[in-house]
Amino acid sequence: NLVNATDGSCSKGWSSRRKTTDQSQGNNRGVAYEYIIQIANEANSDLWLNIQHGATDEHMRELAKLVRATLKSNLNIYLELSNEVWNGSGPYPQYQWAIDNGLTLGLDADPMLAGGKFLVQRSLEMVKIFNDEFAGDEARLIPLVAGFVAIPDLNESMMAAMSDPAINPHGVTIKALALGAYFGGEVLNEAAYNGLEDSITVTEILKQARDSITRDRPDYEDPSYQNHSLQYYIQRSKAVADRYDLDLITYEGGQHIVQSSGWDANEFLGTKGVRATRDARM
């Protein structure tokens, strides 16, 4: 999604795309699609294609034509609209874009669910365009919708929306629900909160990170609240995917041993976190 510049970019028509002849391939317009396709061809790797949230139908159609004409015929295309459209915690304009459109169209009274349903609607419109341009070769396309691992109810709402004829008038289908699956995100913060910066060891950091995958635990700031394990959330989303006959895949994942929430100034603790991420046991 970085090379496609899906965060902070609202590229409109096809003529405004990044070109191979531009002076730079940097800033929020991303890298030319031709170079992205070339990398996939040289690596003989399937292509994961994120398309900017503001892309017009024309943009999508011309991109589909380019991919079919230039990507090796043995390679598949994972097709996703934008990136983490559900994410309201970062500099993601696509989050508000989806909510505004979903509420305007009356897709749901809840802003989060309205945004999720609009993401599905626009994603299916994108898939219809690619299916048309890949006629006879649609099997190479792996269209997906990315959900949020920690809100299985949102994922359920989005997958259910595919059967709504107002959202999916052409009966288009996707093949996968995608998640970002991380573990160990609160280990360092919890150590700092409990005053354990000096005493916690790399071994204990690794143990707690592993535990976060499989064990529910009380929140360190509010023990009355349960932090669910990554396993719990993935199993919930796997059940959603199974109900709609979809694959469950990840677009990102791994360890997330970081400091945040005001605990990021302790360099000594941060050094232990770095050592844990580089440890062979990781």
# chains A, B, ... in the order shown; residues from 1 in each chain; ligands from 1
>>> residues_around(residues="segment 84-94 of chain A", least_positions_apart="4", cutoff="12 Å", atoms="only C-alpha atoms", output="VMD selection string")
chain A and resid 1 5 to 11 50 to 55 80 98 to 102 111 to 120 122 to 123 145 to 151 154 to 155 158 178 to 180 251 to 252
>>> write_last_selection(atoms="C-alpha atoms", output="PDB file, in the first residue's frame")
ATOM      1  CA  ASN A   1       0.000   0.000   0.000  1.00  0.00           C
ATOM      2  CA  ALA A   5       0.145   5.574  -2.070  1.00  0.00           C
ATOM      3  CA  THR A   6      -3.285   4.596  -0.795  1.00  0.00           C
ATOM      4  CA  ASP A   7      -2.885   6.518   2.483  1.00  0.00           C
ATOM      5  CA  GLY A   8      -3.342  10.244   1.967  1.00  0.00           C
ATOM      6  CA  SER A   9      -3.858   9.969  -1.762  1.00  0.00           C
ATOM      7  CA  CYS A  10      -7.100  10.543  -3.613  1.00  0.00           C
ATOM      8  CA  SER A  11      -6.010  10.193  -7.211  1.00  0.00           C
ATOM      9  CA  ASN A  50      -4.173  -1.424  -3.652  1.00  0.00           C
ATOM     10  CA  ILE A  51      -6.193   1.156  -5.558  1.00  0.00           C
ATOM     11  CA  GLN A  52      -6.610   4.680  -4.186  1.00  0.00           C
ATOM     12  CA  HIS A  53      -9.949   5.357  -2.554  1.00  0.00           C
ATOM     13  CA  GLY A  54     -10.741   8.264  -4.881  1.00  0.00           C
ATOM     14  CA  ALA A  55     -10.015   6.404  -8.111  1.00  0.00           C
ATOM     15  CA  GLU A  80      -8.034  -4.326  -2.661  1.00  0.00           C
ATOM     16  CA  ALA A  98     -16.099   5.930   3.604  1.00  0.00           C
ATOM     17  CA  ILE A  99     -18.147   7.140   6.577  1.00  0.00           C
ATOM     18  CA  ASP A 100     -19.328  10.292   4.796  1.00  0.00           C
ATOM     19  CA  ASN A 101     -20.410   8.338   1.722  1.00  0.00           C
ATOM     20  CA  GLY A 102     -22.014   5.564   3.740  1.00  0.00           C
ATOM     21  CA  PRO A 111     -21.024   5.651  11.218  1.00  0.00           C
ATOM     22  CA  MET A 112     -18.555   2.768  11.498  1.00  0.00           C
ATOM     23  CA  LEU A 113     -20.952   0.266   9.929  1.00  0.00           C
ATOM     24  CA  ALA A 114     -22.011   2.784   7.273  1.00  0.00           C
ATOM     25  CA  GLY A 115     -18.363   3.274   6.315  1.00  0.00           C
ATOM     26  CA  GLY A 116     -17.775  -0.475   6.196  1.00  0.00           C
ATOM     27  CA  LYS A 117     -20.794  -1.038   3.976  1.00  0.00           C
ATOM     28  CA  PHE A 118     -19.717   1.733   1.617  1.00  0.00           C
ATOM     29  CA  LEU A 119     -16.255   0.171   1.401  1.00  0.00           C
ATOM     30  CA  VAL A 120     -17.947  -3.064   0.349  1.00  0.00           C
ATOM     31  CA  ARG A 122     -17.265   0.561  -3.854  1.00  0.00           C
ATOM     32  CA  SER A 123     -15.028  -2.526  -3.675  1.00  0.00           C
ATOM     33  CA  VAL A 145     -12.166  -6.748   1.538  1.00  0.00           C
ATOM     34  CA  ALA A 146      -9.909  -5.889   4.473  1.00  0.00           C
ATOM     35  CA  GLY A 147     -11.507  -5.916   7.899  1.00  0.00           C
ATOM     36  CA  PHE A 148     -10.309  -5.081  11.390  1.00  0.00           C
ATOM     37  CA  VAL A 149      -9.144  -8.067  13.400  1.00  0.00           C
ATOM     38  CA  ALA A 150     -10.309  -6.549  16.711  1.00  0.00           C
ATOM     39  CA  ILE A 151     -13.899  -5.843  15.581  1.00  0.00           C
ATOM     40  CA  LEU A 154     -17.683  -5.011  11.670  1.00  0.00           C
ATOM     41  CA  ASN A 155     -16.336  -7.828   9.521  1.00  0.00           C
ATOM     42  CA  MET A 158     -19.413  -5.967   5.778  1.00  0.00           C
ATOM     43  CA  ALA A 178      -8.161  -9.975   4.919  1.00  0.00           C
ATOM     44  CA  LEU A 179      -6.871  -8.991   8.354  1.00  0.00           C
ATOM     45  CA  GLY A 180      -3.813  -7.368   9.884  1.00  0.00           C
ATOM     46  CA  TYR A 251      -2.335  -8.322   4.519  1.00  0.00           C
ATOM     47  CA  GLU A 252       0.035  -7.574   7.414  1.00  0.00           C
TER      48      GLU A 252
END
>>> closest_residue(among="A:Gln96, A:Thr104, A:Ser212, A:Thr70", to="Tyr232 of chain A", atoms="only C-alpha atoms")
A:Ser212
>>> closest_residue(among="A:Gly270, A:Gly184, A:Pro143, A:Gly195", to="Arg215 of chain A", atoms="only C-alpha atoms")
A:Gly184
>>> select_by_dssp(residues="segment 32-152 of chain A", states="helix (DSSP H, G or I)", output="PyMOL selection string")
chain A and resi 33-43+57-70+93-104+111-133+138-140+152
>>> decode(residues="segment 77-180 of chain A", atoms="C-alpha atoms", output="compact mmCIF listing (two decimals), in the first residue's frame")
# COMPACT_ATOMS: atom_id res chain seq x y z
CA ILE A 77 -3.82 -10.33 -8.64
CA TYR A 78 -4.95 -9.67 -5.07
CA LEU A 79 -7.30 -6.74 -5.52
CA GLU A 80 -8.03 -4.33 -2.66
CA LEU A 81 -9.61 -0.90 -2.51
CA SER A 82 -7.45 1.50 -0.50
CA ASN A 83 -5.87 0.48 2.81
CA GLU A 84 -7.29 0.08 6.32
CA VAL A 85 -10.41 2.07 5.53
CA TRP A 86 -11.71 1.17 9.01
CA ASN A 87 -8.73 2.84 10.72
CA GLY A 88 -9.72 6.09 12.42
CA SER A 89 -6.58 6.30 14.55
CA GLY A 90 -4.11 7.34 11.87
CA PRO A 91 -3.78 9.89 9.08
CA TYR A 92 -6.17 7.96 6.86
CA PRO A 93 -8.55 10.24 4.91
CA GLN A 94 -10.15 7.13 3.40
CA TYR A 95 -11.70 6.44 6.84
CA GLN A 96 -13.79 9.62 6.81
CA TRP A 97 -14.40 9.28 3.06
CA ALA A 98 -16.10 5.93 3.60
CA ILE A 99 -18.15 7.14 6.58
CA ASP A 100 -19.33 10.29 4.80
CA ASN A 101 -20.41 8.34 1.72
CA GLY A 102 -22.01 5.56 3.74
CA LEU A 103 -24.06 7.98 5.85
CA THR A 104 -25.05 10.05 2.80
CA LEU A 105 -26.33 6.91 1.08
CA GLY A 106 -28.14 5.82 4.23
CA LEU A 107 -26.34 2.46 4.36
CA ASP A 108 -26.45 2.38 8.17
CA ALA A 109 -27.17 4.73 11.06
CA ASP A 110 -23.93 3.70 12.79
CA PRO A 111 -21.02 5.65 11.22
CA MET A 112 -18.56 2.77 11.50
CA LEU A 113 -20.95 0.27 9.93
CA ALA A 114 -22.01 2.78 7.27
CA GLY A 115 -18.36 3.27 6.31
CA GLY A 116 -17.78 -0.47 6.20
CA LYS A 117 -20.79 -1.04 3.98
CA PHE A 118 -19.72 1.73 1.62
CA LEU A 119 -16.25 0.17 1.40
CA VAL A 120 -17.95 -3.06 0.35
CA GLN A 121 -20.14 -1.28 -2.20
CA ARG A 122 -17.26 0.56 -3.85
CA SER A 123 -15.03 -2.53 -3.68
CA LEU A 124 -17.64 -4.58 -5.52
CA GLU A 125 -17.94 -1.87 -8.17
CA MET A 126 -14.16 -2.10 -8.59
CA VAL A 127 -14.31 -5.90 -8.84
CA LYS A 128 -17.04 -5.68 -11.50
CA ILE A 129 -14.79 -3.45 -13.61
CA PHE A 130 -11.81 -5.82 -13.28
CA ASN A 131 -14.00 -8.85 -14.01
CA ASP A 132 -15.19 -7.20 -17.21
CA GLU A 133 -11.65 -6.42 -18.34
CA PHE A 134 -10.38 -9.90 -17.36
CA ALA A 135 -13.28 -11.68 -19.09
CA GLY A 136 -12.33 -15.32 -19.61
CA ASP A 137 -9.40 -14.94 -17.21
CA GLU A 138 -11.21 -13.89 -14.03
CA ALA A 139 -9.76 -16.81 -12.08
CA ARG A 140 -6.52 -14.84 -11.73
CA LEU A 141 -8.32 -12.17 -9.73
CA ILE A 142 -8.45 -12.57 -5.94
CA PRO A 143 -10.70 -9.69 -4.86
CA LEU A 144 -10.86 -9.07 -1.13
CA VAL A 145 -12.17 -6.75 1.54
CA ALA A 146 -9.91 -5.89 4.47
CA GLY A 147 -11.51 -5.92 7.90
CA PHE A 148 -10.31 -5.08 11.39
CA VAL A 149 -9.14 -8.07 13.40
CA ALA A 150 -10.31 -6.55 16.71
CA ILE A 151 -13.90 -5.84 15.58
CA PRO A 152 -15.35 -9.11 14.24
CA ASP A 153 -18.84 -7.56 14.26
CA LEU A 154 -17.68 -5.01 11.67
CA ASN A 155 -16.34 -7.83 9.52
CA GLU A 156 -19.66 -9.66 9.84
CA SER A 157 -21.59 -6.53 8.84
CA MET A 158 -19.41 -5.97 5.78
CA MET A 159 -19.63 -9.56 4.57
CA ALA A 160 -23.40 -9.61 5.10
CA ALA A 161 -23.69 -6.41 3.04
CA MET A 162 -22.59 -8.31 -0.07
CA SER A 163 -26.02 -9.96 -0.26
CA ASP A 164 -27.85 -6.62 -0.18
CA PRO A 165 -28.98 -5.85 -3.77
CA ALA A 166 -28.81 -2.14 -3.05
CA ILE A 167 -25.10 -2.52 -2.27
CA ASN A 168 -24.35 -5.32 -4.74
CA PRO A 169 -26.82 -5.02 -7.64
CA HIS A 170 -24.65 -7.10 -10.00
CA GLY A 171 -24.15 -10.01 -7.59
CA VAL A 172 -20.38 -9.61 -7.64
CA THR A 173 -18.37 -11.87 -5.34
CA ILE A 174 -15.09 -11.55 -3.50
CA LYS A 175 -12.80 -14.40 -2.52
CA ALA A 176 -11.23 -13.37 0.77
CA LEU A 177 -11.55 -11.47 4.02
CA ALA A 178 -8.16 -9.97 4.92
CA LEU A 179 -6.87 -8.99 8.35
CA GLY A 180 -3.81 -7.37 9.88
